[in-house]
>>> print(open('upload_18.cif').read())   # mmCIF, N, CA and C atoms
data_my_file
#
loop_
_atom_site.group_PDB
_atom_site.id
_atom_site.type_symbol
_atom_site.label_atom_id
_atom_site.label_comp_id
_atom_site.auth_asym_id
_atom_site.auth_seq_id
_atom_site.Cartn_x
_atom_site.Cartn_y
_atom_site.Cartn_z
ATOM 1 N N MET A 1 10.813 -7.922 15.964
ATOM 2 C CA MET A 1 9.790 -7.092 16.557
ATOM 3 C C MET A 1 8.623 -7.990 16.957
ATOM 4 N N ASP A 2 8.068 -7.753 18.114
ATOM 5 C CA ASP A 2 7.031 -8.613 18.652
ATOM 6 C C ASP A 2 5.665 -8.406 18.024
ATOM 7 N N ARG A 3 5.396 -7.242 17.471
ATOM 8 C CA ARG A 3 4.080 -6.983 16.894
ATOM 9 C C ARG A 3 4.241 -6.114 15.651
ATOM 10 N N PRO A 4 3.262 -6.172 14.758
ATOM 11 C CA PRO A 4 3.365 -5.369 13.545
ATOM 12 C C PRO A 4 3.193 -3.887 13.846
ATOM 13 N N ALA A 5 3.744 -3.046 13.010
ATOM 14 C CA ALA A 5 3.646 -1.599 13.193
ATOM 15 C C ALA A 5 2.280 -1.073 12.769
ATOM 16 N N GLU A 6 1.510 -1.872 12.037
ATOM 17 C CA GLU A 6 0.184 -1.466 11.587
ATOM 18 C C GLU A 6 -0.649 -0.965 12.755
ATOM 19 N N GLY A 7 -1.212 0.200 12.624
ATOM 20 C CA GLY A 7 -2.094 0.727 13.644
ATOM 21 C C GLY A 7 -1.395 1.415 14.804
ATOM 22 N N MET A 8 -0.072 1.468 14.789
ATOM 23 C CA MET A 8 0.644 2.116 15.901
ATOM 24 C C MET A 8 0.476 3.631 15.824
ATOM 25 N N ARG A 9 0.430 4.238 16.923
ATOM 26 C CA ARG A 9 0.356 5.701 17.020
ATOM 27 C C ARG A 9 1.711 6.230 17.457
ATOM 28 N N SER A 10 1.959 7.510 17.235
ATOM 29 C CA SER A 10 3.250 8.099 17.570
ATOM 30 C C SER A 10 3.529 8.072 19.065
ATOM 31 N N SER A 11 2.502 7.913 19.889
ATOM 32 C CA SER A 11 2.707 7.903 21.335
ATOM 33 C C SER A 11 3.050 6.510 21.869
ATOM 34 N N GLU A 12 2.996 5.475 21.009
ATOM 35 C CA GLU A 12 3.315 4.119 21.449
ATOM 36 C C GLU A 12 4.813 3.866 21.313
ATOM 37 N N SER A 13 5.323 2.951 22.132
ATOM 38 C CA SER A 13 6.737 2.591 22.082
ATOM 39 C C SER A 13 6.970 1.516 21.036
ATOM 40 N N LEU A 14 8.155 1.518 20.465
ATOM 41 C CA LEU A 14 8.518 0.554 19.443
ATOM 42 C C LEU A 14 9.966 0.145 19.644
ATOM 43 N N ALA A 15 10.216 -1.135 19.855
ATOM 44 C CA ALA A 15 11.581 -1.635 20.023
ATOM 45 C C ALA A 15 12.237 -1.746 18.653
ATOM 46 N N LEU A 16 13.481 -1.303 18.534
ATOM 47 C CA LEU A 16 14.201 -1.307 17.263
ATOM 48 C C LEU A 16 15.576 -1.939 17.423
ATOM 49 N N GLY A 17 15.699 -3.199 17.097
ATOM 50 C CA GLY A 17 16.984 -3.890 17.113
ATOM 51 C C GLY A 17 17.757 -3.697 18.402
ATOM 52 N N THR A 18 18.977 -3.152 18.290
ATOM 53 C CA THR A 18 19.825 -2.955 19.466
ATOM 54 C C THR A 18 19.646 -1.572 20.088
ATOM 55 N N ALA A 19 18.692 -0.820 19.593
ATOM 56 C CA ALA A 19 18.408 0.507 20.142
ATOM 57 C C ALA A 19 17.805 0.339 21.537
ATOM 58 N N PRO A 20 17.640 1.420 22.269
ATOM 59 C CA PRO A 20 16.982 1.314 23.572
ATOM 60 C C PRO A 20 15.641 0.597 23.434
ATOM 61 N N LEU A 21 15.164 0.014 24.512
ATOM 62 C CA LEU A 21 13.937 -0.766 24.467
ATOM 63 C C LEU A 21 12.749 0.007 23.925
ATOM 64 N N ALA A 22 12.736 1.291 24.068
ATOM 65 C CA ALA A 22 11.620 2.077 23.556
ATOM 66 C C ALA A 22 12.145 3.305 22.828
ATOM 67 N N SER A 23 11.569 3.553 21.687
ATOM 68 C CA SER A 23 11.861 4.769 20.926
ATOM 69 C C SER A 23 10.520 5.395 20.567
ATOM 70 N N ARG A 24 10.449 6.683 20.622
ATOM 71 C CA ARG A 24 9.192 7.356 20.289
ATOM 72 C C ARG A 24 9.428 8.386 19.199
ATOM 73 N N LEU A 25 8.458 8.494 18.307
ATOM 74 C CA LEU A 25 8.484 9.525 17.282
ATOM 75 C C LEU A 25 7.753 10.737 17.857
ATOM 76 N N GLN A 26 8.439 11.451 18.719
ATOM 77 C CA GLN A 26 7.788 12.503 19.488
ATOM 78 C C GLN A 26 7.441 13.736 18.658
ATOM 79 N N TRP A 27 8.028 13.905 17.486
ATOM 80 C CA TRP A 27 7.758 15.099 16.692
ATOM 81 C C TRP A 27 6.475 14.951 15.867
ATOM 82 N N LEU A 28 5.894 13.734 15.810
ATOM 83 C CA LEU A 28 4.670 13.536 15.045
ATOM 84 C C LEU A 28 3.448 13.856 15.892
ATOM 85 N N PRO A 29 2.424 14.439 15.264
ATOM 86 C CA PRO A 29 1.170 14.643 16.002
ATOM 87 C C PRO A 29 0.610 13.303 16.451
ATOM 88 N N ARG A 30 -0.146 13.297 17.492
ATOM 89 C CA ARG A 30 -0.649 12.051 18.073
ATOM 90 C C ARG A 30 -1.678 11.337 17.203
ATOM 91 N N LEU A 31 -2.507 12.021 16.479
ATOM 92 C CA LEU A 31 -3.595 11.371 15.744
ATOM 93 C C LEU A 31 -3.498 11.602 14.242
ATOM 94 N N GLU A 32 -2.462 11.104 13.634
ATOM 95 C CA GLU A 32 -2.305 11.204 12.195
ATOM 96 C C GLU A 32 -3.134 10.118 11.513
ATOM 97 N N PRO A 33 -3.664 10.412 10.325
ATOM 98 C CA PRO A 33 -4.400 9.378 9.594
ATOM 99 C C PRO A 33 -3.435 8.311 9.072
ATOM 100 N N LYS A 34 -3.990 7.166 8.690
ATOM 101 C CA LYS A 34 -3.199 6.070 8.145
ATOM 102 C C LYS A 34 -2.475 6.533 6.873
ATOM 103 N N VAL A 35 -1.231 6.171 6.738
ATOM 104 C CA VAL A 35 -0.461 6.495 5.538
ATOM 105 C C VAL A 35 -0.876 5.517 4.445
ATOM 106 N N PRO A 36 -1.257 6.015 3.252
ATOM 107 C CA PRO A 36 -1.655 5.105 2.176
ATOM 108 C C PRO A 36 -0.488 4.210 1.756
ATOM 109 N N VAL A 37 -0.799 2.960 1.466
ATOM 110 C CA VAL A 37 0.215 2.003 1.016
ATOM 111 C C VAL A 37 0.189 1.964 -0.503
ATOM 112 N N ASP A 38 1.312 2.368 -1.130
ATOM 113 C CA ASP A 38 1.459 2.336 -2.583
ATOM 114 C C ASP A 38 2.403 1.187 -2.916
ATOM 115 N N VAL A 39 1.959 0.283 -3.789
ATOM 116 C CA VAL A 39 2.758 -0.887 -4.151
ATOM 117 C C VAL A 39 3.232 -0.743 -5.591
ATOM 118 N N ALA A 40 4.545 -0.847 -5.809
ATOM 119 C CA ALA A 40 5.099 -0.879 -7.157
ATOM 120 C C ALA A 40 5.004 -2.317 -7.637
ATOM 121 N N ALA A 41 4.233 -2.553 -8.700
ATOM 122 C CA ALA A 41 3.932 -3.918 -9.125
ATOM 123 C C ALA A 41 4.263 -4.144 -10.589
ATOM 124 N N THR A 42 4.890 -5.302 -10.863
ATOM 125 C CA THR A 42 5.247 -5.686 -12.220
ATOM 126 C C THR A 42 4.498 -6.941 -12.658
ATOM 127 N N GLY A 43 4.527 -7.973 -11.821
ATOM 128 C CA GLY A 43 3.947 -9.258 -12.198
ATOM 129 C C GLY A 43 2.553 -9.474 -11.655
ATOM 130 N N PRO A 44 1.884 -10.527 -12.127
ATOM 131 C CA PRO A 44 0.486 -10.764 -11.751
ATOM 132 C C PRO A 44 0.277 -11.024 -10.261
ATOM 133 N N ASN A 45 1.211 -11.687 -9.594
ATOM 134 C CA ASN A 45 1.021 -11.971 -8.161
ATOM 135 C C ASN A 45 1.073 -10.708 -7.319
ATOM 136 N N VAL A 46 2.019 -9.826 -7.613
ATOM 137 C CA VAL A 46 2.130 -8.582 -6.838
ATOM 138 C C VAL A 46 0.985 -7.640 -7.192
ATOM 139 N N ILE A 47 0.593 -7.593 -8.461
ATOM 140 C CA ILE A 47 -0.555 -6.763 -8.848
ATOM 141 C C ILE A 47 -1.809 -7.247 -8.114
ATOM 142 N N ASP A 48 -1.994 -8.559 -8.053
ATOM 143 C CA ASP A 48 -3.137 -9.129 -7.343
ATOM 144 C C ASP A 48 -3.128 -8.722 -5.868
ATOM 145 N N SER A 49 -1.992 -8.881 -5.215
ATOM 146 C CA SER A 49 -1.880 -8.509 -3.794
ATOM 147 C C SER A 49 -2.083 -7.014 -3.595
ATOM 148 N N ALA A 50 -1.506 -6.214 -4.472
ATOM 149 C CA ALA A 50 -1.640 -4.759 -4.365
ATOM 150 C C ALA A 50 -3.093 -4.329 -4.493
ATOM 151 N N ALA A 51 -3.813 -4.936 -5.420
ATOM 152 C CA ALA A 51 -5.219 -4.578 -5.630
ATOM 153 C C ALA A 51 -6.075 -4.952 -4.428
ATOM 154 N N ARG A 52 -5.753 -6.074 -3.792
ATOM 155 C CA ARG A 52 -6.551 -6.535 -2.660
ATOM 156 C C ARG A 52 -6.169 -5.864 -1.348
ATOM 157 N N LEU A 53 -4.879 -5.559 -1.166
ATOM 158 C CA LEU A 53 -4.407 -5.114 0.147
ATOM 159 C C LEU A 53 -3.909 -3.676 0.188
ATOM 160 N N GLY A 54 -3.454 -3.152 -0.912
ATOM 161 C CA GLY A 54 -2.883 -1.804 -0.920
ATOM 162 C C GLY A 54 -3.937 -0.739 -1.152
ATOM 163 N N ASP A 55 -3.492 0.503 -1.044
ATOM 164 C CA ASP A 55 -4.376 1.637 -1.305
ATOM 165 C C ASP A 55 -4.165 2.192 -2.708
ATOM 166 N N ARG A 56 -2.966 1.994 -3.247
ATOM 167 C CA ARG A 56 -2.601 2.492 -4.573
ATOM 168 C C ARG A 56 -1.668 1.485 -5.230
ATOM 169 N N ILE A 57 -1.666 1.499 -6.573
ATOM 170 C CA ILE A 57 -0.734 0.645 -7.313
ATOM 171 C C ILE A 57 0.036 1.522 -8.286
ATOM 172 N N THR A 58 1.351 1.355 -8.303
ATOM 173 C CA THR A 58 2.192 1.950 -9.329
ATOM 174 C C THR A 58 2.628 0.801 -10.229
ATOM 175 N N PHE A 59 2.137 0.803 -11.464
ATOM 176 C CA PHE A 59 2.487 -0.263 -12.394
ATOM 177 C C PHE A 59 3.867 0.000 -12.978
ATOM 178 N N THR A 60 4.725 -0.991 -12.908
ATOM 179 C CA THR A 60 6.067 -0.894 -13.483
ATOM 180 C C THR A 60 6.171 -1.927 -14.607
ATOM 181 N N VAL A 61 5.346 -1.708 -15.635
ATOM 182 C CA VAL A 61 5.252 -2.663 -16.736
ATOM 183 C C VAL A 61 5.682 -2.062 -18.070
ATOM 184 N N GLY A 62 6.239 -0.866 -18.045
ATOM 185 C CA GLY A 62 6.629 -0.208 -19.287
ATOM 186 C C GLY A 62 5.531 0.713 -19.780
ATOM 187 N N GLY A 63 5.754 1.300 -20.948
ATOM 188 C CA GLY A 63 4.816 2.296 -21.463
ATOM 189 C C GLY A 63 3.905 1.804 -22.568
ATOM 190 N N GLU A 64 4.021 0.539 -22.960
ATOM 191 C CA GLU A 64 3.163 0.009 -24.016
ATOM 192 C C GLU A 64 1.732 -0.093 -23.532
ATOM 193 N N GLU A 65 0.809 0.424 -24.334
ATOM 194 C CA GLU A 65 -0.595 0.436 -23.935
ATOM 195 C C GLU A 65 -1.113 -0.973 -23.631
ATOM 196 N N GLU A 66 -0.696 -1.958 -24.389
ATOM 197 C CA GLU A 66 -1.146 -3.334 -24.168
ATOM 198 C C GLU A 66 -0.721 -3.844 -22.784
ATOM 199 N N ARG A 67 0.514 -3.544 -22.378
ATOM 200 C CA ARG A 67 1.006 -3.973 -21.052
ATOM 201 C C ARG A 67 0.268 -3.242 -19.932
ATOM 202 N N ILE A 68 0.039 -1.950 -20.119
ATOM 203 C CA ILE A 68 -0.667 -1.169 -19.104
ATOM 204 C C ILE A 68 -2.100 -1.679 -18.962
ATOM 205 N N ARG A 69 -2.753 -1.918 -20.084
ATOM 206 C CA ARG A 69 -4.131 -2.425 -20.043
ATOM 207 C C ARG A 69 -4.178 -3.792 -19.352
ATOM 208 N N TRP A 70 -3.200 -4.667 -19.636
ATOM 209 C CA TRP A 70 -3.125 -5.975 -18.985
ATOM 210 C C TRP A 70 -3.003 -5.800 -17.464
ATOM 211 N N ALA A 71 -2.118 -4.885 -17.028
ATOM 212 C CA ALA A 71 -1.906 -4.664 -15.595
ATOM 213 C C ALA A 71 -3.181 -4.152 -14.929
ATOM 214 N N VAL A 72 -3.855 -3.214 -15.580
ATOM 215 C CA VAL A 72 -5.101 -2.664 -15.019
ATOM 216 C C VAL A 72 -6.170 -3.750 -14.959
ATOM 217 N N ASP A 73 -6.303 -4.536 -16.007
ATOM 218 C CA ASP A 73 -7.291 -5.623 -16.010
ATOM 219 C C ASP A 73 -6.986 -6.658 -14.932
ATOM 220 N N THR A 74 -5.700 -6.954 -14.734
ATOM 221 C CA THR A 74 -5.294 -7.894 -13.687
ATOM 222 C C THR A 74 -5.688 -7.355 -12.314
ATOM 223 N N ALA A 75 -5.459 -6.067 -12.094
ATOM 224 C CA ALA A 75 -5.824 -5.448 -10.812
ATOM 225 C C ALA A 75 -7.337 -5.439 -10.625
ATOM 226 N N ARG A 76 -8.053 -5.101 -11.665
ATOM 227 C CA ARG A 76 -9.517 -5.068 -11.561
ATOM 228 C C ARG A 76 -10.079 -6.452 -11.251
ATOM 229 N N ALA A 77 -9.495 -7.496 -11.828
ATOM 230 C CA ALA A 77 -9.968 -8.860 -11.584
ATOM 231 C C ALA A 77 -9.731 -9.279 -10.133
ATOM 232 N N ALA A 78 -8.692 -8.738 -9.517
ATOM 233 C CA ALA A 78 -8.354 -9.106 -8.139
ATOM 234 C C ALA A 78 -9.126 -8.299 -7.111
ATOM 235 N N LYS A 79 -9.528 -7.095 -7.468
ATOM 236 C CA LYS A 79 -10.211 -6.206 -6.531
ATOM 237 C C LYS A 79 -11.586 -6.762 -6.204
ATOM 238 N N PRO A 80 -11.940 -6.829 -4.928
ATOM 239 C CA PRO A 80 -13.277 -7.320 -4.556
ATOM 240 C C PRO A 80 -14.369 -6.509 -5.246
ATOM 241 N N ALA A 81 -15.424 -7.177 -5.665
ATOM 242 C CA ALA A 81 -16.510 -6.527 -6.404
ATOM 243 C C ALA A 81 -17.198 -5.433 -5.594
ATOM 244 N N SER A 82 -17.119 -5.502 -4.273
ATOM 245 C CA SER A 82 -17.809 -4.534 -3.433
ATOM 246 C C SER A 82 -17.104 -3.189 -3.363
ATOM 247 N N THR A 83 -15.889 -3.100 -3.911
ATOM 248 C CA THR A 83 -15.154 -1.841 -3.870
ATOM 249 C C THR A 83 -14.922 -1.351 -5.290
ATOM 250 N N SER A 84 -14.694 -0.066 -5.417
ATOM 251 C CA SER A 84 -14.482 0.494 -6.749
ATOM 252 C C SER A 84 -12.996 0.786 -6.946
ATOM 253 N N MET A 85 -12.586 0.800 -8.194
ATOM 254 C CA MET A 85 -11.202 1.130 -8.528
ATOM 255 C C MET A 85 -11.252 2.136 -9.673
ATOM 256 N N SER A 86 -10.785 3.337 -9.423
ATOM 257 C CA SER A 86 -10.772 4.323 -10.485
ATOM 258 C C SER A 86 -9.484 4.168 -11.286
ATOM 259 N N CYS A 87 -9.583 4.451 -12.559
ATOM 260 C CA CYS A 87 -8.411 4.289 -13.421
ATOM 261 C C CYS A 87 -8.515 5.282 -14.560
ATOM 262 N N PRO A 88 -7.421 5.988 -14.889
ATOM 263 C CA PRO A 88 -7.473 6.957 -15.972
ATOM 264 C C PRO A 88 -7.703 6.318 -17.338
ATOM 265 N N LEU A 89 -7.575 4.995 -17.464
ATOM 266 C CA LEU A 89 -7.818 4.332 -18.741
ATOM 267 C C LEU A 89 -9.295 4.142 -19.003
ATOM 268 N N GLY A 90 -10.131 4.443 -18.032
ATOM 269 C CA GLY A 90 -11.566 4.319 -18.207
ATOM 270 C C GLY A 90 -12.063 2.906 -17.954
ATOM 271 N N PRO A 91 -13.333 2.656 -18.265
ATOM 272 C CA PRO A 91 -13.919 1.348 -17.994
ATOM 273 C C PRO A 91 -13.252 0.261 -18.823
ATOM 274 N N SER A 92 -13.271 -0.955 -18.283
ATOM 275 C CA SER A 92 -12.658 -2.080 -19.018
ATOM 276 C C SER A 92 -13.617 -2.639 -20.040
#
>>> encode(input="upload_18.cif", output="structure tokens")
Amino acid sequence: MDRPAEGMRSSESLALGTAPLASRLQWLPRLEPKVPVDVAATGPNVIDSAARLGDRITFTVGGEEERIRWAVDTARAAKPASTSMSCPLGPS
């Protein structure tokens, strides 16, 4: 694909492999809001990227409170200070 799909609207054409040169998602409304990006993250590198670039993080670290707290702290450390991150575990 020649360009990223980020920012594309349903009225724009998108080439798909061996499909016709243009395909349109004609059943979608023209001005839909951006779809939130949810990242399933286990390790520190993906948690870091998810916190900086994604809209949501799904931690896949198990159910132990210590592991969950580690994942949340890792995400908080990566998130730019100018933005807030809400978390059901409360303040760090």
>>> atom_distance(input="upload_18.cif", atom1="atom C of Ala78 in chain A", atom2="CA of Ala51 in chain A")
5.6 Å
>>> select_by_dssp(input="upload_18.cif", residues="range 26-82 of chain A", states="alpha helix (DSSP H)", output="short mmCIF file (atom, residue, chain, number, x, y, z; two decimals) with N, CA and C atoms, in the frame of the given file")
data_model
loop_
_atom_site.label_atom_id
_atom_site.label_comp_id
_atom_site.auth_asym_id
_atom_site.auth_seq_id
_atom_site.Cartn_x
_atom_site.Cartn_y
_atom_site.Cartn_z
N PRO A 44 1.88 -10.53 -12.13
CA PRO A 44 0.49 -10.76 -11.75
C PRO A 44 0.28 -11.02 -10.26
N ASN A 45 1.21 -11.69 -9.59
CA ASN A 45 1.02 -11.97 -8.16
C ASN A 45 1.07 -10.71 -7.32
N VAL A 46 2.02 -9.83 -7.61
CA VAL A 46 2.13 -8.58 -6.84
C VAL A 46 0.98 -7.64 -7.19
N ILE A 47 0.59 -7.59 -8.46
CA ILE A 47 -0.56 -6.76 -8.85
C ILE A 47 -1.81 -7.25 -8.11
N ASP A 48 -1.99 -8.56 -8.05
CA ASP A 48 -3.14 -9.13 -7.34
C ASP A 48 -3.13 -8.72 -5.87
N SER A 49 -1.99 -8.88 -5.22
CA SER A 49 -1.88 -8.51 -3.79
C SER A 49 -2.08 -7.01 -3.60
N ALA A 50 -1.51 -6.21 -4.47
CA ALA A 50 -1.64 -4.76 -4.36
C ALA A 50 -3.09 -4.33 -4.49
N ALA A 51 -3.81 -4.94 -5.42
CA ALA A 51 -5.22 -4.58 -5.63
C ALA A 51 -6.08 -4.95 -4.43
N ARG A 52 -5.75 -6.07 -3.79
CA ARG A 52 -6.55 -6.54 -2.66
C ARG A 52 -6.17 -5.86 -1.35
N LEU A 53 -4.88 -5.56 -1.17
CA LEU A 53 -4.41 -5.11 0.15
C LEU A 53 -3.91 -3.68 0.19
N GLU A 65 0.81 0.42 -24.33
CA GLU A 65 -0.60 0.44 -23.94
C GLU A 65 -1.11 -0.97 -23.63
N GLU A 66 -0.70 -1.96 -24.39
CA GLU A 66 -1.15 -3.33 -24.17
C GLU A 66 -0.72 -3.84 -22.78
N ARG A 67 0.51 -3.54 -22.38
CA ARG A 67 1.01 -3.97 -21.05
C ARG A 67 0.27 -3.24 -19.93
N ILE A 68 0.04 -1.95 -20.12
CA ILE A 68 -0.67 -1.17 -19.10
C ILE A 68 -2.10 -1.68 -18.96
N ARG A 69 -2.75 -1.92 -20.08
CA ARG A 69 -4.13 -2.42 -20.04
C ARG A 69 -4.18 -3.79 -19.35
N TRP A 70 -3.20 -4.67 -19.64
CA TRP A 70 -3.12 -5.98 -18.98
C TRP A 70 -3.00 -5.80 -17.46
N ALA A 71 -2.12 -4.88 -17.03
CA ALA A 71 -1.91 -4.66 -15.60
C ALA A 71 -3.18 -4.15 -14.93
N VAL A 72 -3.86 -3.21 -15.58
CA VAL A 72 -5.10 -2.66 -15.02
C VAL A 72 -6.17 -3.75 -14.96
N ASP A 73 -6.30 -4.54 -16.01
CA ASP A 73 -7.29 -5.62 -16.01
C ASP A 73 -6.99 -6.66 -14.93
N THR A 74 -5.70 -6.95 -14.73
CA THR A 74 -5.29 -7.89 -13.69
C THR A 74 -5.69 -7.36 -12.31
N ALA A 75 -5.46 -6.07 -12.09
CA ALA A 75 -5.82 -5.45 -10.81
C ALA A 75 -7.34 -5.44 -10.62
N ARG A 76 -8.05 -5.10 -11.66
CA ARG A 76 -9.52 -5.07 -11.56
C ARG A 76 -10.08 -6.45 -11.25
N ALA A 77 -9.49 -7.50 -11.83
CA ALA A 77 -9.97 -8.86 -11.58
C ALA A 77 -9.73 -9.28 -10.13
N ALA A 78 -8.69 -8.74 -9.52
CA ALA A 78 -8.35 -9.11 -8.14
C ALA A 78 -9.13 -8.30 -7.11
#
>>> closest_residue(input="upload_18.cif", among="A:Thr18, A:Gly54, A:Thr60, A:Ala75", to="Asp38 in chain A", atoms="all atoms listed in the file")
A:Gly54
>>> closest_residue(input="upload_18.cif", among="A:Val46, A:Leu31, A:Leu53, A:Val39", to="Thr74 in chain A", atoms="only C-alpha atoms")
A:Val46
>>> atom_distance(input="upload_18.cif", atom1="atom N of Gly63 in chain A", atom2="CA of Val35 in chain A")
27.7 Å
>>> closest_residue(input="upload_18.cif", among="A:Ile57, A:Arg52, A:Glu66, A:Asp73", to="Val37 in chain A", atoms="only C-alpha atoms")
A:Ile57
>>> atom_distance(input="upload_18.cif", atom1="atom C of Lys79 in chain A", atom2="atom C of Ile47 in chain A")
10.0 Å
>>> build_atoms(input="upload_18.cif", residues="range 52-72 of chain A", atoms="N, CA, C and O atoms", output="compact mmCIF listing (two decimals), in the coordinates of the input")
# COMPACT_ATOMS: atom_id res chain seq x y z
N ARG A 52 -5.75 -6.07 -3.79
CA ARG A 52 -6.55 -6.54 -2.66
C ARG A 52 -6.17 -5.86 -1.35
O ARG A 52 -7.02 -5.59 -0.51
N LEU A 53 -4.88 -5.56 -1.17
CA LEU A 53 -4.41 -5.11 0.15
C LEU A 53 -3.91 -3.68 0.19
O LEU A 53 -3.91 -3.06 1.25
N GLY A 54 -3.45 -3.15 -0.91
CA GLY A 54 -2.88 -1.80 -0.92
C GLY A 54 -3.94 -0.74 -1.15
O GLY A 54 -5.10 -1.03 -1.42
N ASP A 55 -3.49 0.50 -1.04
CA ASP A 55 -4.38 1.64 -1.30
C ASP A 55 -4.16 2.19 -2.71
O ASP A 55 -5.06 2.81 -3.28
N ARG A 56 -2.97 1.99 -3.25
CA ARG A 56 -2.60 2.49 -4.57
C ARG A 56 -1.67 1.48 -5.23
O ARG A 56 -0.97 0.76 -4.56
N ILE A 57 -1.67 1.50 -6.57
CA ILE A 57 -0.73 0.64 -7.31
C ILE A 57 0.04 1.52 -8.29
O ILE A 57 -0.55 2.32 -9.01
N THR A 58 1.35 1.36 -8.30
CA THR A 58 2.19 1.95 -9.33
C THR A 58 2.63 0.80 -10.23
O THR A 58 3.35 -0.10 -9.80
N PHE A 59 2.14 0.80 -11.46
CA PHE A 59 2.49 -0.26 -12.39
C PHE A 59 3.87 0.00 -12.98
O PHE A 59 4.14 1.09 -13.48
N THR A 60 4.72 -0.99 -12.91
CA THR A 60 6.07 -0.89 -13.48
C THR A 60 6.17 -1.93 -14.61
O THR A 60 6.94 -2.88 -14.53
N VAL A 61 5.35 -1.71 -15.64
CA VAL A 61 5.25 -2.66 -16.74
C VAL A 61 5.68 -2.06 -18.07
O VAL A 61 5.50 -2.68 -19.11
N GLY A 62 6.24 -0.87 -18.05
CA GLY A 62 6.63 -0.21 -19.29
C GLY A 62 5.53 0.71 -19.78
O GLY A 62 4.50 0.87 -19.13
N GLY A 63 5.75 1.30 -20.95
CA GLY A 63 4.82 2.30 -21.46
C GLY A 63 3.90 1.80 -22.57
O GLY A 63 3.09 2.57 -23.08
N GLU A 64 4.02 0.54 -22.96
CA GLU A 64 3.16 0.01 -24.02
C GLU A 64 1.73 -0.09 -23.53
O GLU A 64 1.46 -0.65 -22.47
N GLU A 65 0.81 0.42 -24.33
CA GLU A 65 -0.60 0.44 -23.94
C GLU A 65 -1.11 -0.97 -23.63
O GLU A 65 -1.86 -1.17 -22.67
N GLU A 66 -0.70 -1.96 -24.39
CA GLU A 66 -1.15 -3.33 -24.17
C GLU A 66 -0.72 -3.84 -22.78
O GLU A 66 -1.50 -4.48 -22.08
N ARG A 67 0.51 -3.54 -22.38
CA ARG A 67 1.01 -3.97 -21.05
C ARG A 67 0.27 -3.24 -19.93
O ARG A 67 -0.08 -3.83 -18.91
N ILE A 68 0.04 -1.95 -20.12
CA ILE A 68 -0.67 -1.17 -19.10
C ILE A 68 -2.10 -1.68 -18.96
O ILE A 68 -2.60 -1.88 -17.85
N ARG A 69 -2.75 -1.92 -20.08
CA ARG A 69 -4.13 -2.42 -20.04
C ARG A 69 -4.18 -3.79 -19.35
O ARG A 69 -5.07 -4.06 -18.55
N TRP A 70 -3.20 -4.67 -19.64
CA TRP A 70 -3.12 -5.98 -18.98
C TRP A 70 -3.00 -5.80 -17.46
O TRP A 70 -3.69 -6.47 -16.70
N ALA A 71 -2.12 -4.88 -17.03
CA ALA A 71 -1.91 -4.66 -15.60
C ALA A 71 -3.18 -4.15 -14.93
O ALA A 71 -3.56 -4.62 -13.84
N VAL A 72 -3.86 -3.21 -15.58
CA VAL A 72 -5.10 -2.66 -15.02
C VAL A 72 -6.17 -3.75 -14.96
O VAL A 72 -6.88 -3.89 -13.95
